[in-house]
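Engineer: See target_37.tsv below, with TSV, N, CA and C atoms.
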```tsv
chain	number	residue	atom	x	y	z
Q	171	MET	N	-13.16	188.23	215.34
Q	171	MET	CA	-13.48	186.93	215.87
Q	171	MET	C	-14.69	187.08	216.78
Q	172	THR	N	-15.64	186.17	216.62
Q	172	THR	CA	-16.83	186.15	217.45
Q	172	THR	C	-16.60	185.25	218.65
Q	173	SER	N	-17.03	185.70	219.81
Q	173	SER	CA	-16.90	184.92	221.03
Q	173	SER	C	-18.30	184.54	221.52
Q	174	VAL	N	-18.50	183.24	221.85
Q	174	VAL	CA	-19.79	182.73	222.26
Q	174	VAL	C	-19.59	181.83	223.47
Q	175	ASN	N	-20.50	181.94	224.47
Q	175	ASN	CA	-20.37	181.02	225.60
Q	175	ASN	C	-20.90	179.64	225.21
Q	176	LEU	N	-20.53	178.65	225.98
Q	176	LEU	CA	-20.83	177.26	225.63
Q	176	LEU	C	-22.33	176.99	225.53
Q	177	ALA	N	-23.12	177.56	226.42
Q	177	ALA	CA	-24.57	177.33	226.38
Q	177	ALA	C	-25.16	177.88	225.09
Q	178	ASP	N	-24.74	179.08	224.68
Q	178	ASP	CA	-25.23	179.65	223.42
Q	178	ASP	C	-24.73	178.84	222.22
Q	179	ALA	N	-23.51	178.32	222.31
Q	179	ALA	CA	-22.96	177.51	221.23
Q	179	ALA	C	-23.78	176.25	221.03
Q	180	LYS	N	-24.20	175.63	222.14
Q	180	LYS	CA	-25.04	174.43	222.05
Q	180	LYS	C	-26.38	174.76	221.38
Q	181	ALA	N	-26.95	175.90	221.77
Q	181	ALA	CA	-28.26	176.27	221.25
Q	181	ALA	C	-28.23	176.71	219.79
Q	182	HIS	N	-27.09	177.22	219.34
Q	182	HIS	CA	-27.00	177.78	217.99
Q	182	HIS	C	-25.86	177.17	217.17
Q	183	LEU	N	-25.60	175.89	217.38
Q	183	LEU	CA	-24.45	175.25	216.73
Q	183	LEU	C	-24.53	175.33	215.21
Q	184	SER	N	-25.70	175.07	214.63
Q	184	SER	CA	-25.83	175.10	213.17
Q	184	SER	C	-25.47	176.48	212.61
Q	185	GLU	N	-25.94	177.52	213.27
Q	185	GLU	CA	-25.63	178.88	212.83
Q	185	GLU	C	-24.14	179.18	212.95
Q	186	LEU	N	-23.53	178.72	214.04
Q	186	LEU	CA	-22.09	178.95	214.24
Q	186	LEU	C	-21.27	178.21	213.19
Q	187	VAL	N	-21.69	177.00	212.86
Q	187	VAL	CA	-20.98	176.24	211.82
Q	187	VAL	C	-21.10	176.95	210.48
Q	188	ALA	N	-22.26	177.48	210.18
Q	188	ALA	CA	-22.45	178.22	208.92
Q	188	ALA	C	-21.56	179.46	208.89
Q	189	GLN	N	-21.45	180.15	210.02
Q	189	GLN	CA	-20.57	181.32	210.08
Q	189	GLN	C	-19.11	180.92	209.88
Q	190	ALA	N	-18.71	179.82	210.52
Q	190	ALA	CA	-17.33	179.34	210.36
Q	190	ALA	C	-17.08	178.92	208.92
Q	191	GLU	N	-18.05	178.28	208.31
Q	191	GLU	CA	-17.93	177.85	206.91
Q	191	GLU	C	-17.77	179.06	205.99
Q	192	ALA	N	-18.39	180.18	206.37
Q	192	ALA	CA	-18.29	181.41	205.59
Q	192	ALA	C	-16.96	182.12	205.82
Q	193	GLY	N	-16.13	181.61	206.74
Q	193	GLY	CA	-14.81	182.18	206.95
Q	193	GLY	C	-14.62	182.93	208.26
Q	194	GLU	N	-15.67	183.01	209.08
Q	194	GLU	CA	-15.56	183.72	210.35
Q	194	GLU	C	-14.99	182.78	211.42
Q	195	ASP	N	-14.10	183.31	212.27
Q	195	ASP	CA	-13.56	182.53	213.38
Q	195	ASP	C	-14.49	182.68	214.57
Q	196	ILE	N	-14.79	181.56	215.23
Q	196	ILE	CA	-15.67	181.54	216.38
Q	196	ILE	C	-14.89	181.01	217.58
Q	197	CYS	N	-14.91	181.74	218.69
Q	197	CYS	CA	-14.27	181.31	219.92
Q	197	CYS	C	-15.37	180.90	220.89
Q	198	ILE	N	-15.32	179.66	221.38
Q	198	ILE	CA	-16.31	179.18	222.35
Q	198	ILE	C	-15.67	179.25	223.73
Q	199	THR	N	-16.41	179.86	224.67
Q	199	THR	CA	-15.86	180.06	226.01
Q	199	THR	C	-16.70	179.32	227.05
Q	200	ARG	N	-16.04	178.98	228.15
Q	200	ARG	CA	-16.71	178.42	229.32
Q	200	ARG	C	-16.28	179.25	230.52
Q	201	ARG	N	-17.23	179.84	231.18
Q	201	ARG	CA	-16.97	180.73	232.32
Q	201	ARG	C	-15.99	181.84	231.94
Q	202	GLY	N	-16.15	182.34	230.72
Q	202	GLY	CA	-15.34	183.46	230.26
Q	202	GLY	C	-13.97	183.11	229.72
Q	203	LYS	N	-13.59	181.83	229.76
Q	203	LYS	CA	-12.26	181.42	229.28
Q	203	LYS	C	-12.42	180.63	227.98
Q	204	PRO	N	-11.58	180.91	226.98
Q	204	PRO	CA	-11.67	180.19	225.70
Q	204	PRO	C	-11.39	178.70	225.88
Q	205	VAL	N	-12.25	177.86	225.30
Q	205	VAL	CA	-12.06	176.41	225.37
Q	205	VAL	C	-12.05	175.75	224.00
Q	206	ALA	N	-12.56	176.43	222.99
Q	206	ALA	CA	-12.58	175.84	221.64
Q	206	ALA	C	-12.57	176.96	220.61
Q	207	HIS	N	-12.08	176.61	219.45
Q	207	HIS	CA	-11.99	177.56	218.34
Q	207	HIS	C	-12.59	176.89	217.12
Q	208	LEU	N	-13.60	177.53	216.53
Q	208	LEU	CA	-14.29	176.99	215.36
Q	208	LEU	C	-13.83	177.76	214.13
Q	209	THR	N	-13.25	177.07	213.15
Q	209	THR	CA	-12.79	177.72	211.93
Q	209	THR	C	-13.17	176.87	210.72
Q	210	LYS	N	-13.07	177.48	209.57
Q	210	LYS	CA	-13.34	176.78	208.31
Q	210	LYS	C	-12.20	175.79	208.04
Q	211	VAL	N	-12.54	174.62	207.57
Q	211	VAL	CA	-11.54	173.62	207.22
Q	211	VAL	C	-10.89	174.01	205.90
Q	212	GLN	N	-9.59	173.99	205.86
Q	212	GLN	CA	-8.85	174.28	204.63
Q	212	GLN	C	-8.57	172.95	203.93
Q	213	THR	N	-9.26	172.73	202.81
Q	213	THR	CA	-9.06	171.47	202.09
Q	213	THR	C	-7.80	171.57	201.24
Q	214	GLN	N	-7.07	170.49	201.21
Q	214	GLN	CA	-5.84	170.44	200.42
Q	214	GLN	C	-6.18	170.06	198.99
Q	215	ARG	N	-5.62	170.79	198.06
Q	215	ARG	CA	-5.82	170.47	196.65
Q	215	ARG	C	-4.76	169.46	196.23
Q	216	ARG	N	-5.24	168.46	195.48
Q	216	ARG	CA	-4.29	167.47	194.98
Q	216	ARG	C	-3.56	168.04	193.77
Q	217	PRO	N	-2.26	167.77	193.67
Q	217	PRO	CA	-1.54	168.23	192.48
Q	217	PRO	C	-2.03	167.45	191.25
Q	218	VAL	N	-1.97	168.09	190.11
Q	218	VAL	CA	-2.40	167.47	188.85
Q	218	VAL	C	-1.33	166.48	188.41
Q	219	ALA	N	-1.74	165.27	188.12
Q	219	ALA	CA	-0.82	164.26	187.60
Q	219	ALA	C	-0.67	164.53	186.10
Q	220	LEU	N	0.41	165.18	185.73
Q	220	LEU	CA	0.58	165.60	184.34
Q	220	LEU	C	0.60	164.43	183.37
Q	221	ALA	N	1.17	163.32	183.77
Q	221	ALA	CA	1.22	162.16	182.88
Q	221	ALA	C	-0.19	161.63	182.61
Q	222	ALA	N	-1.02	161.58	183.63
Q	222	ALA	CA	-2.41	161.10	183.46
Q	222	ALA	C	-3.21	162.08	182.61
Q	223	LEU	N	-3.00	163.38	182.82
Q	223	LEU	CA	-3.68	164.39	182.01
Q	223	LEU	C	-3.26	164.28	180.55
Q	224	ARG	N	-1.99	164.10	180.31
Q	224	ARG	CA	-1.48	163.96	178.95
Q	224	ARG	C	-2.06	162.71	178.30
Q	225	ALA	N	-2.18	161.60	179.04
Q	225	ALA	CA	-2.73	160.37	178.49
Q	225	ALA	C	-4.17	160.56	178.05
Q	226	VAL	N	-4.93	161.33	178.80
Q	226	VAL	CA	-6.32	161.58	178.43
Q	226	VAL	C	-6.41	162.51	177.23
Q	227	THR	N	-5.67	163.60	177.26
Q	227	THR	CA	-5.78	164.58	176.17
Q	227	THR	C	-5.18	164.05	174.87
Q	228	ASP	N	-4.23	163.17	174.94
Q	228	ASP	CA	-3.66	162.61	173.71
Q	228	ASP	C	-4.66	161.74	172.95
Q	229	THR	N	-5.64	161.19	173.65
Q	229	THR	CA	-6.63	160.34	172.98
Q	229	THR	C	-7.77	161.15	172.38
Q	230	MET	N	-7.84	162.46	172.69
Q	230	MET	CA	-8.92	163.30	172.16
Q	230	MET	C	-8.60	163.74	170.74
Q	231	PRO	N	-9.60	163.67	169.85
Q	231	PRO	CA	-9.35	164.12	168.48
Q	231	PRO	C	-9.24	165.64	168.42
Q	232	MET	N	-8.43	166.13	167.51
Q	232	MET	CA	-8.31	167.58	167.31
Q	232	MET	C	-9.59	168.09	166.65
Q	233	GLN	N	-10.05	169.25	167.07
Q	233	GLN	CA	-11.25	169.84	166.51
Q	233	GLN	C	-10.90	170.54	165.20
Q	234	THR	N	-11.79	170.43	164.23
Q	234	THR	CA	-11.51	171.02	162.92
Q	234	THR	C	-11.97	172.47	162.82
Q	235	ILE	N	-12.87	172.88	163.72
Q	235	ILE	CA	-13.34	174.28	163.71
Q	235	ILE	C	-13.11	174.90	165.08
Q	236	GLY	N	-13.08	176.21	165.12
Q	236	GLY	CA	-12.88	176.92	166.38
Q	236	GLY	C	-14.11	176.88	167.27
Q	237	ALA	N	-13.92	177.24	168.52
Q	237	ALA	CA	-15.01	177.20	169.49
Q	237	ALA	C	-16.15	178.14	169.11
Q	238	GLY	N	-15.82	179.33	168.64
Q	238	GLY	CA	-16.85	180.29	168.25
Q	238	GLY	C	-17.72	179.77	167.13
Q	239	GLU	N	-17.09	179.21	166.11
Q	239	GLU	CA	-17.84	178.66	164.98
Q	239	GLU	C	-18.69	177.47	165.43
Q	240	PHE	N	-18.15	176.64	166.29
Q	240	PHE	CA	-18.87	175.48	166.82
Q	240	PHE	C	-20.14	175.94	167.55
Q	241	LEU	N	-20.02	176.96	168.40
Q	241	LEU	CA	-21.18	177.48	169.13
Q	241	LEU	C	-22.21	178.10	168.20
Q	242	ARG	N	-21.74	178.81	167.18
Q	242	ARG	CA	-22.68	179.37	166.20
Q	242	ARG	C	-23.46	178.26	165.49
Q	243	GLN	N	-22.76	177.19	165.14
Q	243	GLN	CA	-23.44	176.06	164.49
Q	243	GLN	C	-24.47	175.43	165.43
Q	244	MET	N	-24.11	175.28	166.67
Q	244	MET	CA	-25.06	174.71	167.64
Q	244	MET	C	-26.29	175.61	167.78
Q	245	ARG	N	-26.06	176.90	167.86
Q	245	ARG	CA	-27.17	177.85	167.99
Q	245	ARG	C	-28.07	177.80	166.76
Q	246	ASP	N	-27.46	177.81	165.59
Q	246	ASP	CA	-28.22	177.83	164.34
Q	246	ASP	C	-28.98	176.52	164.11
Q	247	GLU	N	-28.43	175.42	164.60
Q	247	GLU	CA	-29.08	174.12	164.45
Q	247	GLU	C	-30.01	173.79	165.61
Q	248	SER	N	-30.12	174.70	166.60
Q	248	SER	CA	-30.98	174.52	167.78
Q	248	SER	C	-30.69	173.20	168.50
Q	249	ARG	N	-29.40	172.93	168.71
Q	249	ARG	CA	-29.02	171.68	169.36
Q	249	ARG	C	-28.71	171.87	170.85
Q	250	TYR	N	-28.95	173.01	171.40
Q	250	TYR	CA	-28.61	173.21	172.80
Q	250	TYR	C	-29.81	173.23	173.69
```
Now, as a test, write the supplied structure out as C-alpha coordinates.
Structural biologist:
Amino acid sequence: MTSVNLADAKAHLSELVAQAEAGEDICITRRGKPVAHLTKVQTQRRPVALAALRAVTDTMPMQTIGAGEFLRQMRDESRY
(Lines of atoms letter the chains of each structure in order from A and count residues from 1; the text may use other names and numbers.)
(Lines give C-alpha, C1' and ligand atoms only; values in the text may rest on other atoms or scores of the structure.)
Protein backbone atom coordinates (compact mmCIF):
# COMPACT_ATOMS: atom_id res chain seq x y z
CA MET A 1 0.00 0.00 0.00
CA THR A 2 1.28 3.44 -0.94
CA SER A 3 0.96 6.24 1.60
CA VAL A 4 0.75 9.88 0.43
CA ASN A 5 0.23 13.09 2.39
CA LEU A 6 -2.75 15.27 1.50
CA ALA A 7 -0.71 18.03 -0.18
CA ASP A 8 1.00 15.52 -2.49
CA ALA A 9 -2.35 13.84 -3.18
CA LYS A 10 -3.79 17.17 -4.33
CA ALA A 11 -0.81 17.81 -6.58
CA HIS A 12 -0.77 14.31 -8.10
CA LEU A 13 -4.42 13.21 -7.97
CA SER A 14 -4.56 12.02 -11.59
CA GLU A 15 -1.51 9.82 -11.09
CA LEU A 16 -2.90 8.40 -7.84
CA VAL A 17 -6.22 7.60 -9.51
CA ALA A 18 -4.38 5.81 -12.32
CA GLN A 19 -2.44 3.78 -9.75
CA ALA A 20 -5.64 2.89 -7.90
CA GLU A 21 -7.29 1.95 -11.20
CA ALA A 22 -4.35 -0.38 -11.85
CA GLY A 23 -5.12 -2.15 -8.55
CA GLU A 24 -2.78 -0.40 -6.09
CA ASP A 25 -4.19 0.74 -2.73
CA ILE A 26 -3.41 4.36 -1.85
CA CYS A 27 -3.61 5.71 1.71
CA ILE A 28 -3.95 9.50 2.00
CA THR A 29 -2.71 10.98 5.27
CA ARG A 30 -3.05 14.31 7.05
CA ARG A 31 -0.38 15.11 9.62
CA GLY A 32 0.75 11.50 9.47
CA LYS A 33 -2.68 9.99 10.22
CA PRO A 34 -4.71 8.09 7.59
CA VAL A 35 -7.80 10.02 6.46
CA ALA A 36 -8.75 8.40 3.15
CA HIS A 37 -8.22 5.19 1.23
CA LEU A 38 -8.16 5.14 -2.58
CA THR A 39 -8.94 1.78 -4.21
CA LYS A 40 -10.17 0.43 -7.52
CA VAL A 41 -13.95 0.22 -7.81
CA GLN A 42 -15.21 -3.35 -8.08
CA THR A 43 -17.99 -3.34 -10.67
CA GLN A 44 -20.75 -5.85 -10.19
CA ARG A 45 -21.48 -8.14 -13.10
CA ARG A 46 -25.10 -8.60 -13.99
CA PRO A 47 -26.28 -12.21 -14.14
CA VAL A 48 -27.21 -13.46 -17.60
CA ALA A 49 -30.95 -13.60 -18.17
CA LEU A 50 -31.13 -17.10 -19.62
CA ALA A 51 -34.66 -16.67 -20.96
CA ALA A 52 -33.67 -13.52 -22.88
CA LEU A 53 -30.54 -15.21 -24.22
CA ARG A 54 -32.57 -18.22 -25.35
CA ALA A 55 -35.11 -15.92 -27.06
CA VAL A 56 -32.33 -14.30 -29.08
CA THR A 57 -30.49 -17.49 -30.00
CA ASP A 58 -33.67 -19.31 -30.96
CA THR A 59 -34.29 -16.75 -33.72
CA MET A 60 -30.81 -17.27 -35.24
CA PRO A 61 -30.63 -19.61 -38.22
CA MET A 62 -28.41 -22.69 -37.92
CA GLN A 63 -25.21 -22.44 -39.93
CA THR A 64 -24.77 -25.01 -42.69
CA ILE A 65 -20.96 -25.01 -42.62
CA GLY A 66 -18.42 -25.01 -39.82
CA ALA A 67 -16.53 -21.95 -38.64
CA GLY A 68 -13.24 -23.07 -40.19
CA GLU A 69 -14.78 -23.60 -43.61
CA PHE A 70 -16.63 -20.27 -43.35
CA LEU A 71 -13.35 -18.42 -42.61
CA ARG A 72 -11.58 -20.18 -45.48
CA GLN A 73 -14.36 -19.07 -47.83
CA MET A 74 -14.11 -15.50 -46.59
CA ARG A 75 -10.33 -15.53 -47.06
CA ASP A 76 -10.54 -17.04 -50.54
CA GLU A 77 -13.26 -14.59 -51.61
CA SER A 78 -11.35 -11.60 -50.09
CA ARG A 79 -14.41 -10.48 -48.16
CA TYR A 80 -12.65 -9.44 -44.98
Engineer: Rounded to one decimal, what separation in Å do you get between atom N of Val174 (chain Q) and atom N of Thr199 (chain Q)?
Structural biologist: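 If I compute the distance from atom N of Val174 (chain Q) to atom N of Thr199 (chain Q), I get 4.9 Å.
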Engineer: Rounded to one decimal in Å, what is the spacing between CA of Pro204 (chain Q) and CA of Ala190 (chain Q)?
Structural biologist: 16.4 Å
Engineer: Quick check for you: according to DSSP on this backbone, which residues of chain Q are classed as helix (DSSP H, G or I)? Reply as a PyMOL selection string.
Structural biologist: chain Q and resi 176-181+183-191+220-228+237-247
Engineer: Just list the residues in chain Q DSSP gives strand (DSSP E or B) on the backbone, as a ChimeraX atom specification.
Structural biologist: /Q:172-175,196-200,203-208
Engineer: One decimal, Å: what's the distance from atom C of Val187 (chain Q) over to CA of Arg216 (chain Q), could you say?
Structural biologist: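 A separation of 24.8 Å between them.
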Engineer: Compute the distance from (-14.5, 178.9, 222.8) to each atom, counting all atoms listed in the file, keep the residues with any atom at most 7 Å away, and return them as an mmCIF file with N, CA and C atoms, in the coordinates of the input; use the coordinates of the file.
Structural biologist:
```
data_model
loop_
_atom_site.group_PDB
_atom_site.id
_atom_site.type_symbol
_atom_site.label_atom_id
_atom_site.label_comp_id
_atom_site.auth_asym_id
_atom_site.auth_seq_id
_atom_site.Cartn_x
_atom_site.Cartn_y
_atom_site.Cartn_z
ATOM 1 N N SER Q 173 -17.030 185.700 219.810
ATOM 2 C CA SER Q 173 -16.900 184.920 221.030
ATOM 3 C C SER Q 173 -18.300 184.540 221.520
ATOM 4 N N VAL Q 174 -18.500 183.240 221.850
ATOM 5 C CA VAL Q 174 -19.790 182.730 222.260
ATOM 6 C C VAL Q 174 -19.590 181.830 223.470
ATOM 7 N N ASN Q 175 -20.500 181.940 224.470
ATOM 8 C CA ASN Q 175 -20.370 181.020 225.600
ATOM 9 C C ASN Q 175 -20.900 179.640 225.210
ATOM 10 N N LEU Q 176 -20.530 178.650 225.980
ATOM 11 C CA LEU Q 176 -20.830 177.260 225.630
ATOM 12 C C LEU Q 176 -22.330 176.990 225.530
ATOM 13 N N ILE Q 196 -14.790 181.560 215.230
ATOM 14 C CA ILE Q 196 -15.670 181.540 216.380
ATOM 15 C C ILE Q 196 -14.890 181.010 217.580
ATOM 16 N N CYS Q 197 -14.910 181.740 218.690
ATOM 17 C CA CYS Q 197 -14.270 181.310 219.920
ATOM 18 C C CYS Q 197 -15.370 180.900 220.890
ATOM 19 N N ILE Q 198 -15.320 179.660 221.380
ATOM 20 C CA ILE Q 198 -16.310 179.180 222.350
ATOM 21 C C ILE Q 198 -15.670 179.250 223.730
ATOM 22 N N THR Q 199 -16.410 179.860 224.670
ATOM 23 C CA THR Q 199 -15.860 180.060 226.010
ATOM 24 C C THR Q 199 -16.700 179.320 227.050
ATOM 25 N N ARG Q 200 -16.040 178.980 228.150
ATOM 26 C CA ARG Q 200 -16.710 178.420 229.320
ATOM 27 C C ARG Q 200 -16.280 179.250 230.520
ATOM 28 N N LYS Q 203 -13.590 181.830 229.760
ATOM 29 C CA LYS Q 203 -12.260 181.420 229.280
ATOM 30 C C LYS Q 203 -12.420 180.630 227.980
ATOM 31 N N PRO Q 204 -11.580 180.910 226.980
ATOM 32 C CA PRO Q 204 -11.670 180.190 225.700
ATOM 33 C C PRO Q 204 -11.390 178.700 225.880
ATOM 34 N N VAL Q 205 -12.250 177.860 225.300
ATOM 35 C CA VAL Q 205 -12.060 176.410 225.370
ATOM 36 C C VAL Q 205 -12.050 175.750 224.000
ATOM 37 N N ALA Q 206 -12.560 176.430 222.990
ATOM 38 C CA ALA Q 206 -12.580 175.840 221.640
ATOM 39 C C ALA Q 206 -12.570 176.960 220.610
ATOM 40 N N HIS Q 207 -12.080 176.610 219.450
ATOM 41 C CA HIS Q 207 -11.990 177.560 218.340
ATOM 42 C C HIS Q 207 -12.590 176.890 217.120
ATOM 43 N N LEU Q 208 -13.600 177.530 216.530
ATOM 44 C CA LEU Q 208 -14.290 176.990 215.360
ATOM 45 C C LEU Q 208 -13.830 177.760 214.130
#
```
Engineer: Extract, using all atoms listed in the file, all DNA, RNA and protein residues at most 6 Å from Glu191 (chain Q), discarding same-chain residues fewer than 5 positions from it, and format them as a list in words.
Structural biologist: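 Residues meeting the cut-off are Leu186, Thr209 and Lys210 of chain Q.
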